[in-house]
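Novice: File input.csv follows (CSV, C-alpha atoms):
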```csv
chain,number,residue,atom,x,y,z
A,1374,MET,CA,-5.7,-13.2,-26.8
A,1375,ARG,CA,-4.0,-9.9,-26.8
A,1376,LEU,CA,-5.7,-7.4,-24.4
A,1377,GLY,CA,-5.1,-3.7,-23.7
A,1378,VAL,CA,-5.9,-2.1,-20.4
A,1379,LEU,CA,-6.2,1.7,-20.4
A,1380,ASP,CA,-5.8,3.2,-17.0
A,1381,VAL,CA,-6.8,6.9,-16.5
A,1382,GLY,CA,-5.5,7.8,-13.1
A,1383,SER,CA,-5.1,11.0,-11.2
A,1384,ASN,CA,-1.6,11.6,-12.5
A,1385,THR,CA,-1.0,9.4,-15.5
A,1386,VAL,CA,-2.6,7.6,-18.4
A,1387,HIS,CA,-1.2,4.1,-18.7
A,1388,LEU,CA,-1.7,1.5,-21.5
A,1389,LEU,CA,-0.7,-2.1,-20.6
A,1390,VAL,CA,-0.8,-4.6,-23.5
A,1391,VAL,CA,-0.7,-8.3,-22.5
A,1392,ASP,CA,-1.0,-11.7,-24.1
A,1393,ALA,CA,-3.3,-13.7,-21.9
A,1394,HIS,CA,-5.2,-17.0,-21.9
A,1395,ARG,CA,-7.2,-19.0,-19.4
A,1396,GLY,CA,-5.2,-20.5,-16.6
A,1397,GLY,CA,-2.0,-18.8,-17.8
A,1398,HIS,CA,0.2,-16.0,-16.6
A,1399,PRO,CA,-0.7,-12.7,-18.4
A,1400,MET,CA,2.5,-11.8,-20.3
A,1401,PRO,CA,3.1,-8.0,-20.7
A,1402,MET,CA,4.0,-7.1,-24.2
A,1403,SER,CA,4.3,-3.3,-23.9
A,1404,SER,CA,3.6,-0.5,-21.5
A,1405,THR,CA,3.0,3.1,-22.5
A,1406,LYS,CA,2.6,6.0,-20.1
A,1407,ALA,CA,1.8,9.7,-20.4
A,1408,THR,CA,1.6,12.4,-17.6
A,1409,LEU,CA,-1.8,13.8,-17.5
A,1410,ARG,CA,-2.2,15.3,-14.0
A,1411,LEU,CA,-5.9,15.3,-14.3
A,1412,SER,CA,-6.4,16.0,-10.6
A,1413,GLU,CA,-4.5,19.3,-11.1
A,1414,ASN,CA,-6.8,20.3,-13.9
A,1415,MET,CA,-9.9,20.9,-11.7
A,1416,ASP,CA,-11.6,24.2,-11.0
A,1417,SER,CA,-12.8,25.5,-7.7
A,1418,GLU,CA,-16.1,23.6,-8.1
A,1419,GLY,CA,-14.4,20.3,-8.7
A,1420,ARG,CA,-15.0,20.3,-12.4
A,1421,ILE,CA,-12.5,19.0,-14.9
A,1422,THR,CA,-11.4,22.1,-16.9
A,1423,SER,CA,-11.7,22.3,-20.6
A,1424,ASP,CA,-8.0,22.0,-20.9
A,1425,GLY,CA,-8.0,18.9,-18.7
A,1426,ALA,CA,-10.8,17.4,-20.8
A,1427,SER,CA,-8.9,18.2,-24.1
A,1428,ARG,CA,-5.7,16.5,-22.8
A,1429,LEU,CA,-7.7,13.5,-21.6
A,1430,ILE,CA,-9.4,13.1,-25.0
A,1431,ALA,CA,-6.1,13.4,-26.8
A,1432,ASN,CA,-4.4,10.8,-24.6
A,1433,VAL,CA,-7.3,8.4,-24.8
A,1434,ALA,CA,-7.4,8.7,-28.6
A,1435,GLU,CA,-3.6,8.2,-28.9
A,1436,PHE,CA,-3.5,5.2,-26.6
A,1437,ALA,CA,-6.6,3.6,-28.2
A,1438,SER,CA,-4.7,3.8,-31.5
A,1439,ILE,CA,-1.6,2.2,-30.0
A,1440,ALA,CA,-3.8,-0.6,-28.7
A,1441,LYS,CA,-5.2,-1.2,-32.1
A,1442,THR,CA,-1.9,-1.2,-33.9
A,1443,SER,CA,-0.6,-3.5,-31.2
A,1444,GLY,CA,-3.2,-6.1,-32.2
A,1445,CYS,CA,-5.4,-5.9,-29.1
A,1446,VAL,CA,-8.6,-7.8,-29.6
A,1447,GLN,CA,-10.2,-5.8,-26.8
A,1448,LEU,CA,-9.4,-2.6,-25.0
A,1449,MET,CA,-10.5,-2.4,-21.3
A,1450,PRO,CA,-10.5,1.4,-20.5
A,1451,PHE,CA,-11.2,2.6,-17.0
A,1452,ALA,CA,-10.8,5.7,-14.8
A,1453,THR,CA,-10.3,6.1,-11.1
A,1454,SER,CA,-10.5,8.8,-8.4
A,1455,ALA,CA,-9.9,12.0,-10.5
A,1456,VAL,CA,-12.7,11.2,-12.9
A,1457,ARG,CA,-14.9,9.6,-10.3
A,1458,GLU,CA,-14.9,12.6,-8.1
A,1459,ALA,CA,-15.2,15.3,-10.8
A,1460,THR,CA,-18.6,17.1,-10.6
A,1461,ASN,CA,-18.8,17.1,-14.4
A,1462,SER,CA,-17.6,13.5,-14.9
A,1463,GLU,CA,-20.7,12.4,-16.9
A,1464,SER,CA,-20.3,15.2,-19.4
A,1465,VAL,CA,-16.6,14.6,-19.8
A,1466,LEU,CA,-17.1,10.9,-20.2
A,1467,ALA,CA,-19.7,11.6,-22.9
A,1468,GLN,CA,-17.3,13.9,-24.7
A,1469,VAL,CA,-14.5,11.3,-24.6
A,1470,ARG,CA,-17.0,8.7,-26.0
A,1471,ARG,CA,-18.1,11.1,-28.8
A,1472,GLU,CA,-14.6,12.1,-29.9
A,1473,THR,CA,-12.7,8.8,-29.4
A,1474,GLY,CA,-15.3,6.1,-29.5
A,1475,VAL,CA,-13.9,4.8,-26.1
A,1476,GLU,CA,-16.2,4.4,-23.2
A,1477,LEU,CA,-14.3,4.8,-19.9
A,1478,ARG,CA,-15.6,2.7,-17.0
A,1479,VAL,CA,-15.4,4.6,-13.7
A,1480,LEU,CA,-14.4,2.2,-11.0
A,1481,SER,CA,-15.4,2.9,-7.4
A,1482,GLY,CA,-12.7,2.9,-4.7
A,1483,VAL,CA,-14.0,-0.4,-3.3
A,1484,ASP,CA,-13.9,-1.9,-6.8
A,1485,GLU,CA,-10.3,-0.8,-7.1
A,1486,ALA,CA,-9.5,-2.5,-3.7
A,1487,ARG,CA,-11.3,-5.7,-4.7
A,1488,LEU,CA,-9.7,-6.1,-8.1
A,1489,THR,CA,-6.2,-5.3,-6.8
A,1490,PHE,CA,-6.7,-7.9,-4.1
A,1491,LEU,CA,-7.5,-10.5,-6.7
A,1492,ALA,CA,-4.3,-9.7,-8.5
A,1493,VAL,CA,-2.3,-10.0,-5.3
A,1494,ARG,CA,-3.9,-13.3,-4.4
A,1495,ARG,CA,-3.2,-14.8,-7.8
A,1496,TRP,CA,0.4,-13.6,-7.5
A,1497,TYR,CA,1.1,-15.1,-4.1
A,1498,GLY,CA,-1.3,-18.1,-4.3
A,1499,TRP,CA,-3.2,-19.9,-1.6
A,1500,SER,CA,-0.1,-20.7,0.5
A,1501,ALA,CA,0.1,-17.1,1.5
A,1502,GLY,CA,-2.9,-17.5,3.8
A,1503,ARG,CA,-4.8,-14.4,4.8
A,1504,ILE,CA,-3.5,-11.3,2.9
A,1505,LEU,CA,-3.7,-7.7,3.8
A,1506,ASN,CA,-3.1,-5.3,0.9
A,1507,LEU,CA,-2.4,-1.6,0.7
A,1508,ASP,CA,-2.4,0.5,-2.5
A,1509,ILE,CA,-1.6,4.2,-2.6
A,1510,GLY,CA,-2.8,6.1,-5.6
A,1511,GLY,CA,-2.8,9.7,-6.5
A,1512,GLY,CA,-6.3,10.4,-5.2
A,1513,SER,CA,-7.1,7.6,-2.8
A,1514,LEU,CA,-5.7,4.8,-0.6
A,1515,GLU,CA,-7.2,1.3,-1.0
A,1516,LEU,CA,-7.0,-1.3,1.7
A,1517,SER,CA,-8.2,-4.9,1.7
A,1518,ASN,CA,-8.0,-8.0,3.8
A,1519,GLY,CA,-9.1,-11.6,3.0
A,1520,ALA,CA,-8.4,-15.3,3.0
A,1521,ASP,CA,-10.0,-16.0,-0.4
A,1522,GLU,CA,-9.9,-14.3,-3.9
A,1523,ALA,CA,-12.5,-11.8,-2.8
A,1524,PRO,CA,-11.5,-9.8,0.3
A,1525,ASP,CA,-13.6,-9.9,3.5
A,1526,VAL,CA,-13.1,-6.1,3.8
A,1527,ALA,CA,-12.3,-3.6,1.1
A,1528,ILE,CA,-11.9,0.1,2.0
A,1529,SER,CA,-11.1,3.2,0.0
A,1530,LEU,CA,-10.0,6.4,1.7
A,1531,GLN,CA,-9.3,9.9,0.2
A,1532,LEU,CA,-5.7,9.7,1.2
A,1533,GLY,CA,-3.9,9.6,-2.1
A,1534,ALA,CA,-0.4,11.0,-2.4
A,1535,GLY,CA,-1.3,13.6,-5.0
A,1536,ARG,CA,-4.3,14.8,-3.1
A,1537,LEU,CA,-2.4,15.2,0.2
A,1538,THR,CA,0.5,17.0,-1.5
A,1539,ARG,CA,-1.9,19.6,-2.9
A,1540,GLU,CA,-3.8,20.0,0.3
A,1541,TRP,CA,-0.9,19.8,2.8
A,1542,LEU,CA,2.5,20.0,1.3
A,1543,ARG,CA,2.6,22.9,-1.1
A,1544,GLU,CA,5.9,24.3,0.0
A,1545,ASP,CA,9.0,22.8,-1.6
A,1546,PRO,CA,10.6,21.3,0.4
A,1547,PRO,CA,7.7,20.9,2.8
A,1548,GLY,CA,8.3,22.5,6.2
A,1549,LYS,CA,9.2,20.3,9.1
A,1550,ARG,CA,6.2,21.4,11.2
A,1551,ARG,CA,3.8,20.8,8.3
A,1552,VAL,CA,5.1,17.2,7.9
A,1553,ALA,CA,4.6,16.7,11.6
A,1554,VAL,CA,1.1,18.0,11.5
A,1555,LEU,CA,0.2,15.8,8.5
A,1556,ARG,CA,1.7,12.8,10.2
A,1557,ASP,CA,-0.5,13.3,13.3
A,1558,TRP,CA,-3.6,13.9,11.1
A,1559,LEU,CA,-3.0,10.7,9.2
A,1560,ASP,CA,-2.6,8.7,12.4
A,1561,ALA,CA,-6.1,10.0,13.5
A,1562,GLU,CA,-7.6,9.2,10.0
A,1563,MET,CA,-6.4,5.7,10.0
A,1564,VAL,CA,-7.7,4.6,13.4
A,1565,GLN,CA,-11.2,3.5,12.4
A,1566,ALA,CA,-10.1,2.2,9.0
A,1567,ALA,CA,-7.5,0.0,10.6
A,1568,LYS,CA,-9.9,-1.4,13.2
A,1569,LYS,CA,-12.4,-2.3,10.4
A,1570,LEU,CA,-9.7,-3.8,8.2
A,1571,LEU,CA,-8.4,-6.1,10.9
A,1572,GLU,CA,-11.9,-7.3,12.1
A,1573,PRO,CA,-11.7,-10.5,10.0
A,1574,GLY,CA,-8.3,-11.4,11.4
A,1575,ARG,CA,-4.6,-10.6,11.4
A,1576,PRO,CA,-2.9,-11.2,8.0
A,1577,ASP,CA,-0.4,-14.0,7.3
A,1578,LEU,CA,1.1,-11.7,4.6
A,1579,ALA,CA,1.0,-7.9,4.3
A,1580,VAL,CA,1.5,-6.5,0.8
A,1581,GLY,CA,2.0,-3.1,-0.8
A,1582,THR,CA,1.1,-2.4,-4.4
A,1583,SER,CA,1.4,0.7,-6.6
A,1584,LYS,CA,4.2,2.8,-8.0
A,1585,THR,CA,4.5,4.6,-4.7
A,1586,PHE,CA,5.3,1.5,-2.7
A,1587,ARG,CA,7.7,0.3,-5.4
A,1588,SER,CA,9.5,3.6,-5.3
A,1589,LEU,CA,9.7,3.6,-1.5
A,1590,ALA,CA,11.0,0.0,-1.5
A,1591,ARG,CA,13.7,0.9,-4.1
A,1592,LEU,CA,14.8,3.9,-2.1
A,1593,THR,CA,15.2,1.8,1.0
A,1594,GLY,CA,17.4,-0.9,-0.7
A,1595,ALA,CA,15.1,-3.1,-2.7
A,1596,ALA,CA,16.3,-4.5,-6.1
A,1597,PRO,CA,15.8,-2.3,-9.1
A,1598,SER,CA,13.1,-3.0,-11.7
A,1599,ALA,CA,15.8,-4.4,-14.0
A,1600,ALA,CA,16.1,-7.4,-11.6
A,1601,GLY,CA,12.7,-8.6,-12.9
A,1602,PRO,CA,9.2,-8.9,-11.3
A,1603,ARG,CA,10.0,-12.1,-9.4
A,1604,GLU,CA,12.8,-10.6,-7.3
A,1605,ARG,CA,11.6,-10.4,-3.7
A,1606,ARG,CA,11.2,-6.8,-2.6
A,1607,ILE,CA,10.2,-5.5,0.8
A,1608,LEU,CA,9.6,-2.3,2.6
A,1609,THR,CA,10.3,-2.1,6.4
A,1610,SER,CA,8.8,0.5,8.8
A,1611,SER,CA,12.3,1.4,10.1
A,1612,GLY,CA,13.6,1.9,6.6
A,1613,LEU,CA,10.6,4.0,5.8
A,1614,ARG,CA,11.1,6.3,8.8
A,1615,GLN,CA,14.7,6.9,7.9
A,1616,LEU,CA,13.7,7.6,4.3
A,1617,ILE,CA,11.1,10.2,5.3
A,1618,ALA,CA,13.6,12.1,7.4
A,1619,PHE,CA,15.8,12.2,4.3
A,1620,ILE,CA,13.4,13.1,1.5
A,1621,SER,CA,11.3,15.6,3.4
A,1622,ARG,CA,14.3,17.9,3.5
A,1623,MET,CA,14.8,17.7,-0.3
A,1624,THR,CA,13.2,19.7,-3.1
A,1625,ALA,CA,11.1,17.9,-5.6
A,1626,ALA,CA,13.8,18.5,-8.2
A,1627,ASP,CA,16.4,16.8,-5.9
A,1628,ARG,CA,14.1,13.9,-5.2
A,1629,ALA,CA,13.7,13.4,-9.0
A,1630,GLU,CA,17.4,12.7,-9.1
A,1631,LEU,CA,17.0,9.7,-6.8
A,1632,GLU,CA,17.1,6.2,-8.4
A,1633,GLY,CA,13.7,4.8,-8.9
A,1634,VAL,CA,11.9,8.2,-8.7
A,1635,SER,CA,10.4,9.7,-11.8
A,1636,SER,CA,10.1,13.5,-12.2
A,1637,ASP,CA,6.3,13.3,-12.3
A,1638,ARG,CA,6.2,11.4,-9.0
A,1639,SER,CA,8.9,13.3,-7.1
A,1640,GLN,CA,6.5,16.0,-5.9
A,1641,GLN,CA,4.2,13.6,-4.1
A,1642,LEU,CA,6.8,11.2,-2.8
A,1643,VAL,CA,6.8,12.7,0.7
A,1644,ALA,CA,3.1,12.5,1.1
A,1645,GLY,CA,3.0,9.0,-0.3
A,1646,ALA,CA,5.7,8.0,2.2
A,1647,LEU,CA,3.7,9.5,5.1
A,1648,VAL,CA,0.6,7.6,4.0
A,1649,ALA,CA,2.6,4.4,3.9
A,1650,GLU,CA,4.1,5.0,7.3
A,1651,ALA,CA,0.7,5.9,8.9
A,1652,SER,CA,-0.9,2.8,7.4
A,1653,MET,CA,1.8,0.5,8.6
A,1654,ARG,CA,1.8,2.0,12.0
A,1655,ALA,CA,-2.0,1.8,12.4
A,1656,LEU,CA,-2.0,-1.8,11.3
A,1657,SER,CA,1.1,-2.7,13.4
A,1658,LEU,CA,3.0,-3.9,10.3
A,1659,ASP,CA,6.8,-4.0,10.4
A,1660,THR,CA,7.3,-5.3,6.8
A,1661,LEU,CA,5.4,-5.2,3.5
A,1662,GLU,CA,6.0,-7.5,0.6
A,1663,ILE,CA,5.9,-5.5,-2.7
A,1664,CYS,CA,3.7,-7.1,-5.3
A,1665,PRO,CA,4.3,-6.3,-9.0
A,1666,TRP,CA,0.7,-7.0,-9.9
A,1667,ALA,CA,-2.1,-4.5,-9.0
A,1668,LEU,CA,-5.3,-3.1,-10.4
A,1669,ARG,CA,-4.6,-3.5,-14.1
A,1670,GLU,CA,-3.7,-7.1,-13.7
A,1671,GLY,CA,-6.8,-7.6,-11.5
A,1672,LEU,CA,-9.0,-6.4,-14.4
A,1673,ILE,CA,-7.3,-8.8,-16.8
A,1674,LEU,CA,-7.7,-11.7,-14.5
A,1675,ARG,CA,-11.4,-10.9,-13.8
A,1676,LYS,CA,-12.0,-10.7,-17.6
A,1677,LEU,CA,-10.4,-14.1,-18.2
A,1678,ASP,CA,-12.5,-15.5,-15.3
A,1679,THR,CA,-15.7,-14.0,-16.8
A,1680,ASP,CA,-14.9,-15.5,-20.2
A,1681,LEU,CA,-14.3,-18.9,-18.6
A,1682,ASP,CA,-17.6,-18.8,-16.7
A,1683,SER,CA,-19.4,-17.8,-19.9
A,1684,ASP,CA,-17.8,-20.6,-21.9
A,1685,SER,CA,-18.6,-23.1,-19.2
A,1686,SER,CA,-22.3,-22.1,-19.5
A,1687,THR,CA,-22.6,-21.8,-23.3
A,1688,GLY,CA,-20.0,-24.4,-24.3
A,1689,ASN,CA,-19.3,-22.5,-27.5
A,1690,GLY,CA,-15.9,-20.8,-26.7
A,1691,ARG,CA,-17.3,-17.4,-27.6
A,1692,LEU,CA,-16.4,-14.3,-25.6
A,1693,GLU,CA,-19.7,-13.8,-24.0
A,1694,GLY,CA,-20.5,-12.5,-20.5
A,1695,VAL,CA,-17.8,-9.9,-20.5
A,1696,PRO,CA,-18.8,-6.8,-18.6
A,1697,GLY,CA,-19.9,-4.0,-20.9
A,1698,PRO,CA,-17.8,-0.8,-21.3
A,1699,THR,CA,-20.2,1.2,-19.1
A,1700,GLU,CA,-20.6,-1.4,-16.3
A,1701,THR,CA,-18.7,-1.1,-13.1
A,1702,VAL,CA,-16.5,-4.1,-12.4
A,1703,SER,CA,-17.1,-5.5,-9.0
A,1704,GLN,CA,-17.1,-8.7,-7.1
```
Can the structure from this file be put into structure tokens for me?
Specialist:
Amino acid sequence: MRLGVLDVGSNTVHLLVVDAHRGGHPMPMSSTKATLRLSENMDSEGRITSDGASRLIANVAEFASIAKTSGCVQLMPFATSAVREATNSESVLAQVRRETGVELRVLSGVDEARLTFLAVRRWYGWSAGRILNLDIGGGSLELSNGADEAPDVAISLQLGAGRLTREWLREDPPGKRRVAVLRDWLDAEMVQAAKKLLEPGRPDLAVGTSKTFRSLARLTGAAPSAAGPRERRILTSSGLRQLIAFISRMTAADRAELEGVSSDRSQQLVAGALVAEASMRALSLDTLEICPWALREGLILRKLDTDLDSDSSTGNGRLEGVPGPTETVSQ
């Protein structure tokens, strides 16, 4: 079947269209993105502004239309931290539903961590052993650790690259002292989370997912996206330290000129790199494997699993048992 996954994040709206079937590798057919910057369209009370809501509605309507013309039999729309934390999220979601017919599911941070972990597990397989995964978003950092398809521990922290840029690194380029203070603060924030994350055991494989990790790996020498998703890519702690020293002295406009860095991500690249560094340091990780699959693929895989479970129980091959559009997807 052809499926569409509509991801409303803190910075972008992303539609991924895939052809998928049970037991098969979901094959991406198209990928469409738009810069939304929803997290920047919040007022002092944490409400999504009318302009932000209007832009959200316009993007959702456009992308739902693209999914329909692409032949998707189902659209799986979801929103993450920016909508989740907005004080007027319920009214905005209702407005989106009225004007577009699309019901956005709001995923919790733990749901994000669990679904991303599922995608990582399926990508690397059982031979990878215990996996520890890190995912840096615009509003939050998700961490998970487990030996099965469901992680033993899943954590979400409000340490997203966009959030920290707005709160800590408003100058362009950020001042040297400000970077040092943020680095120390992140180290303190990661202590308890790292302890909890490692309680089930040390990982056999440490993985990074998200655009931030892919960009950081590319800037430290990993293969470009043109090399394909199966090309092995890694990020090392030593390479990351050297990169931070370099990019923290650059303006956002200069960083946007670097290969693998988009203009809409260049502003938050320094904060993202500092979160990655603090996470790796707290967890004593020298190297991260970069996985091309993450949350969107996790949602697709969970849907296929749910369909299979339903068919096994009903025996009629119908698409029953799929989580409804307003349900939170969780393990």
Novice: Within 12 Å of (14.0, 15.0, -5.7), in the coordinates the file gives, what residues turn up when you count only C-alpha atoms, written out as a list in words?
Specialist: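 Here the neighbourhood of the point contains Asp1545, Pro1546, Leu1592, Phe1619, Ile1620, Ser1621, Arg1622, Met1623, Thr1624, Ala1625, Ala1626, Asp1627, Arg1628, Ala1629, Glu1630, Leu1631, Glu1632, Gly1633, Val1634, Ser1635, Ser1636, Asp1637, Arg1638, Ser1639, Gln1640, Gln1641, Leu1642 and Val1643 of chain A.
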Novice: Go ahead and write the selection's residues with C-alpha atoms as a tab-separated table (two decimals), in the frame of the given file.
Specialist:
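Listing of part-v2.tsv after writing:
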```tsv
chain	number	residue	atom	x	y	z
A	1545	ASP	CA	9.00	22.80	-1.60
A	1546	PRO	CA	10.60	21.30	0.40
A	1592	LEU	CA	14.80	3.90	-2.10
A	1619	PHE	CA	15.80	12.20	4.30
A	1620	ILE	CA	13.40	13.10	1.50
A	1621	SER	CA	11.30	15.60	3.40
A	1622	ARG	CA	14.30	17.90	3.50
A	1623	MET	CA	14.80	17.70	-0.30
A	1624	THR	CA	13.20	19.70	-3.10
A	1625	ALA	CA	11.10	17.90	-5.60
A	1626	ALA	CA	13.80	18.50	-8.20
A	1627	ASP	CA	16.40	16.80	-5.90
A	1628	ARG	CA	14.10	13.90	-5.20
A	1629	ALA	CA	13.70	13.40	-9.00
A	1630	GLU	CA	17.40	12.70	-9.10
A	1631	LEU	CA	17.00	9.70	-6.80
A	1632	GLU	CA	17.10	6.20	-8.40
A	1633	GLY	CA	13.70	4.80	-8.90
A	1634	VAL	CA	11.90	8.20	-8.70
A	1635	SER	CA	10.40	9.70	-11.80
A	1636	SER	CA	10.10	13.50	-12.20
A	1637	ASP	CA	6.30	13.30	-12.30
A	1638	ARG	CA	6.20	11.40	-9.00
A	1639	SER	CA	8.90	13.30	-7.10
A	1640	GLN	CA	6.50	16.00	-5.90
A	1641	GLN	CA	4.20	13.60	-4.10
A	1642	LEU	CA	6.80	11.20	-2.80
A	1643	VAL	CA	6.80	12.70	0.70
```
Novice: Hey, which of A:Leu1668, A:Ala1618, A:Ala1567, A:Ala1579 ends up closest to A:Gly1502? Count only C-alpha atoms.
Specialist: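 With only C-alpha atoms as the atom set, the closest residue is A:Ala1579.
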Novice: When you count all atoms listed in the file, which of these residues is closest to A:Val1390: A:Gly1511, A:Met1402, A:Asn1414, A:Ile1430?
Specialist: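 Closest candidate: A:Met1402.
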Novice: Determine the nearest neighbour of A:Gln1468 from the options A:Leu1672, A:Ala1434, A:Val1386, A:Ala1527, counting only C-alpha atoms.
Specialist: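 Comparing A:Leu1672, A:Ala1434, A:Val1386, A:Ala1527 against A:Gln1468, the winner is A:Ala1434.
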Novice: Could you list, as an mmCIF file with C-alpha atoms, keeping the file's coordinate frame, every residue within 9 Å of A:Leu1376, counting all atoms listed in the file and ignoring same-chain residues fewer than 3 positions away?
Specialist:
```
data_model
loop_
_atom_site.group_PDB
_atom_site.id
_atom_site.type_symbol
_atom_site.label_atom_id
_atom_site.label_comp_id
_atom_site.auth_asym_id
_atom_site.auth_seq_id
_atom_site.Cartn_x
_atom_site.Cartn_y
_atom_site.Cartn_z
ATOM 1 C CA LEU A 1389 -0.700 -2.100 -20.600
ATOM 2 C CA VAL A 1390 -0.800 -4.600 -23.500
ATOM 3 C CA VAL A 1391 -0.700 -8.300 -22.500
ATOM 4 C CA ASP A 1392 -1.000 -11.700 -24.100
ATOM 5 C CA ALA A 1393 -3.300 -13.700 -21.900
ATOM 6 C CA ALA A 1440 -3.800 -0.600 -28.700
ATOM 7 C CA GLY A 1444 -3.200 -6.100 -32.200
ATOM 8 C CA CYS A 1445 -5.400 -5.900 -29.100
ATOM 9 C CA VAL A 1446 -8.600 -7.800 -29.600
ATOM 10 C CA GLN A 1447 -10.200 -5.800 -26.800
ATOM 11 C CA LEU A 1448 -9.400 -2.600 -25.000
ATOM 12 C CA MET A 1449 -10.500 -2.400 -21.300
ATOM 13 C CA ILE A 1673 -7.300 -8.800 -16.800
#
```
Novice: Report the distance between atom CA of A:Ser1500 and atom CA of A:Arg1487 in Å, rounded to one decimal place.
Specialist: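 Going from atom CA of A:Ser1500 over to atom CA of A:Arg1487 covers 19.4 Å.
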Novice: Which residues come within 6 Å of A:Gly1519, counting only C-alpha atoms, excluding same-chain residues fewer than 6 positions away, as a list of chain:residue names?
Specialist: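 Everything that qualifies: A:Arg1503, A:Ile1504, A:Asp1525.
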Novice: In Å, rounded to a single decimal, give me how far atom CA of A:Met1415 is from atom CA of A:Ala1459.
Specialist: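 Spanning atom CA of A:Ala1459 to atom CA of A:Met1415 is a straight-line distance of 7.8 Å.
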Novice: Hey, can you check how far atom CA of A:Arg1606 sits from atom CA of A:Pro1573?
Specialist: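 Straight-line distance from atom CA of A:Arg1606 to atom CA of A:Pro1573 works out to 26.4 Å.
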Novice: Kindly add N, CA and C atoms to the incomplete stretch 1425-1440 of chain A and provide the output as an mmCIF file, in the coordinates of the input.
Specialist:
```cif
data_model
loop_
_atom_site.group_PDB
_atom_site.id
_atom_site.type_symbol
_atom_site.label_atom_id
_atom_site.label_comp_id
_atom_site.auth_asym_id
_atom_site.auth_seq_id
_atom_site.Cartn_x
_atom_site.Cartn_y
_atom_site.Cartn_z
ATOM 1 N N GLY A 1425 -8.136 20.296 -19.249
ATOM 2 C CA GLY A 1425 -8.000 18.900 -18.700
ATOM 3 C C GLY A 1425 -8.729 17.931 -19.582
ATOM 4 N N ALA A 1426 -9.957 18.282 -19.980
ATOM 5 C CA ALA A 1426 -10.800 17.400 -20.800
ATOM 6 C C ALA A 1426 -10.117 17.190 -22.181
ATOM 7 N N SER A 1427 -9.579 18.250 -22.751
ATOM 8 C CA SER A 1427 -8.900 18.200 -24.100
ATOM 9 C C SER A 1427 -7.700 17.252 -23.994
ATOM 10 N N ARG A 1428 -6.931 17.396 -22.928
ATOM 11 C CA ARG A 1428 -5.700 16.500 -22.800
ATOM 12 C C ARG A 1428 -6.144 15.100 -22.559
ATOM 13 N N LEU A 1429 -7.209 14.884 -21.796
ATOM 14 C CA LEU A 1429 -7.700 13.500 -21.600
ATOM 15 C C LEU A 1429 -8.121 12.897 -22.901
ATOM 16 N N ILE A 1430 -8.888 13.622 -23.693
ATOM 17 C CA ILE A 1430 -9.400 13.100 -25.000
ATOM 18 C C ILE A 1430 -8.200 12.786 -25.904
ATOM 19 N N ALA A 1431 -7.225 13.674 -25.959
ATOM 20 C CA ALA A 1431 -6.100 13.400 -26.800
ATOM 21 C C ALA A 1431 -5.303 12.194 -26.414
ATOM 22 N N ASN A 1432 -5.120 12.012 -25.108
ATOM 23 C CA ASN A 1432 -4.400 10.800 -24.600
ATOM 24 C C ASN A 1432 -5.169 9.552 -24.870
ATOM 25 N N VAL A 1433 -6.462 9.559 -24.602
ATOM 26 C CA VAL A 1433 -7.300 8.400 -24.800
ATOM 27 C C VAL A 1433 -7.265 7.980 -26.293
ATOM 28 N N ALA A 1434 -7.414 8.963 -27.187
ATOM 29 C CA ALA A 1434 -7.400 8.700 -28.600
ATOM 30 C C ALA A 1434 -6.066 8.097 -29.056
ATOM 31 N N GLU A 1435 -4.967 8.672 -28.562
ATOM 32 C CA GLU A 1435 -3.600 8.200 -28.900
ATOM 33 C C GLU A 1435 -3.412 6.761 -28.438
ATOM 34 N N PHE A 1436 -3.779 6.513 -27.184
ATOM 35 C CA PHE A 1436 -3.500 5.200 -26.600
ATOM 36 C C PHE A 1436 -4.443 4.132 -27.192
ATOM 37 N N ALA A 1437 -5.669 4.506 -27.543
ATOM 38 C CA ALA A 1437 -6.600 3.600 -28.200
ATOM 39 C C ALA A 1437 -5.991 3.162 -29.559
ATOM 40 N N SER A 1438 -5.379 4.116 -30.260
ATOM 41 C CA SER A 1438 -4.700 3.800 -31.500
ATOM 42 C C SER A 1438 -3.557 2.891 -31.362
ATOM 43 N N ILE A 1439 -2.777 3.117 -30.300
ATOM 44 C CA ILE A 1439 -1.600 2.200 -30.000
ATOM 45 C C ILE A 1439 -2.121 0.817 -29.740
ATOM 46 N N ALA A 1440 -3.212 0.700 -28.968
ATOM 47 C CA ALA A 1440 -3.800 -0.600 -28.700
ATOM 48 C C ALA A 1440 -4.188 -1.333 -29.942
#
```
